[in-house]
Amino acid sequence: MDGERHVPVDDLAIWSLGGLPAYRRQEIASHLATGCDQCLSDFVWFQKTLQIARSDRLQAPPPAVLHGALRIFREQRQPAGETLAGPPRLVGRVLFDSRNASRLAGARGAAQWGRQVLYAVEPLNLQIDLRVERDGPCMHLAGQILHATAPAEPAIPERIAVESLGGDSEVSILATGEFTATLADNGPHTLVVRIANQEIALPIPEGLDDDPAAAAH
Amino acid sequence: MTVENTRKIQAISGEAAEQQQVRSDADLIAACRAGDTDAWEALVMRYRRLIYSIPLQMGLSIDEAADVFQLTWLRLHQRLATLRDPSRARSWLASTAHRLSLDVHAARRPAHEESAISLTLVKDPRPLPEDEILLLEEQQRIRAAIDQLPRRCREMLVLLFYDPNQPSYATVAQQLGIPVGSIGPVRQRCFSRLRTLLAR
């Protein structure tokens with residue numbers, strides 16, 4: 001085989017699939033041995049694609065299950081003019097941030113935690129205390145939902161959502177309003193509390209008090 | 001399930017979905033935000049295998065996998081307007097299905113095993129390793145690319161890649177309704193198209 005003529009992709013593919021006669025395999029092997037980048041690249045691509053496809057364990061859902069997912073959009077679609085996001089989100093207002101306190105006082109604000117933030121959600125008479133600590137690639141959270149003043153309304157929800165770039169998750173909330181979570185990466189993440197027909201978003205602070213970047217601000 | 005529903009799914013999974021399949025995830029999410037039902041259906045069809053397979057790979061039952069499947073799509077619907085990077089919808093869906101599956105595992109455990117309230121993501125003893133999820137995503141990517149090919153290419157590559165019997169030339173030619181001598185050129189075109197799609 002002419003060492004300068006490229007091997008057709010189809011031949012490389014069929015070789016991978018085990019369907020070429022011996023003489024043709026020998027020709028292709030000789031050509032690849034010349035170091036032809038294009039043919040080697042084609043060959044590697046096809047081998048990899050075939051390997052992934054042959055290991056395919058994906059299963060399609062039964063039609064009834066599939067139909068349920070297809071129906072979601074129609075059944076939950078909002079009337080014209082409304083958004084798909086549901087009610088507008090409230091964003092918690094930061095009442096206290098230990099990073100700012102550290103700078104003012106010249107000392108670290110949250111003793112054993114990397115950062116502490118207190119949010120206020122005025123229309124709902126709520127405060128949310130959040131402490132954040134990093135642990136390598138993970139992020140530990142500990143927080144509590146508090147009523148700013150009596151009476152104790154509205155009721156504390158049972159779960160809080162964590163929205164992340166890679167997907168959503170949920171965390172349980174104790175009757176006392178306390179919650180803890182460990183997130184698999186350092187974010188960005190947003191906590192979302194659904195309470196009294198409102199969604200409250202609480203962006204989790206990314207920097208810690210002792211980050212070098214904090215001093216620059 | 002009604003006959004009408006079955007027909008609807010068949011229509012979506014066939015020619016009707018082809019036009020949507022060439023659209024990117026970001027385009028489909030944008031269209032969903034605008035209320036386009038067809039775009040939602042295309043997204044569900046594109047990722048149906050991936051989202052249903054993750055809970056199954058994690059050892060959940062068929063019923064539990066069905067619940068995770070529904071809930072994952074419900075979550076996406078709730079997040080449509082606020083999804084920050086629609087071009088990463090596949091990873092978002094896979095990650096959400098994974099986490100929901102971990103929740104199901106956690107809920108199976110007796111109450112006395114539950115310690116302090118915690119995100120089940122890192123507590124569950126049976127998480128699917130990251131490389132397993134990536135492999136499922138790659139398998140899904142190849143499936144999705146094949147779905148975008150013209151019918152003849154699609155059928156040929158499904159036979160070559162996924163048929164455990166590894167059919168002969170004659171069988172492939174018979175199933176596709178083409179002469180045996182045409183298989184080589186058709187296959188060459190199909191591989192080239194597949195590679196182009198996967199390179200995007």
# chains A, B, ... in the order shown; residues from 1 in each chain; ligands from 1

$ residues_around --residues "Pro86 in chain B" --least-positions-apart "4" --cutoff "10 Å" --atoms "only C-alpha atoms" --output "list in words"
Leu165 of chain A; Ser24, Asp25, Ala26, Asp27, Leu28, Ile29, Ala30, Leu80, Ala81, Thr82, Arg90, Ser91 and Trp92 of chain B

$ residues_around --residues "range 55-67 of chain A" --least-positions-apart "2" --cutoff "7 Å" --atoms "only C-alpha atoms" --output "MDAnalysis selection string"
(chainID A and resid 51:53 69:71) or (chainID B and resid 1 48:50 52:53 66 139)

$ select_by_dssp --residues "range 12-192 of chain B" --states "helix (DSSP H, G or I)" --output "PyMOL selection string"
chain B and resi 12-13+15-21+25-33+37-57+62-79+86-108+111-113+120-123+130-148+151-162+169-176+180-192

$ residues_around --residues "Glu199 in chain A" --least-positions-apart "3" --cutoff "7 Å" --atoms "only C-alpha atoms" --output "ChimeraX atom specification"
/A:89-90,192-195

$ residues_around --residues "Phe96 in chain A" --least-positions-apart "2" --cutoff "6 Å" --atoms "only C-alpha atoms" --output "PyMOL selection string"
chain A and resi 94+117-118

$ write_last_selection --atoms "C-alpha atoms" --output "tab-separated table (two decimals), in the first residue's frame"
chain	number	residue	atom	x	y	z
A	94	VAL	CA	-27.20	40.76	54.12
A	117	VAL	CA	-23.48	35.81	57.05
A	118	LEU	CA	-26.84	36.87	58.46

$ closest_residue --among "A:Asp42, A:Glu178, A:Asp10, A:Glu27" --to "chain B" --atoms "only C-alpha atoms"
A:Asp10
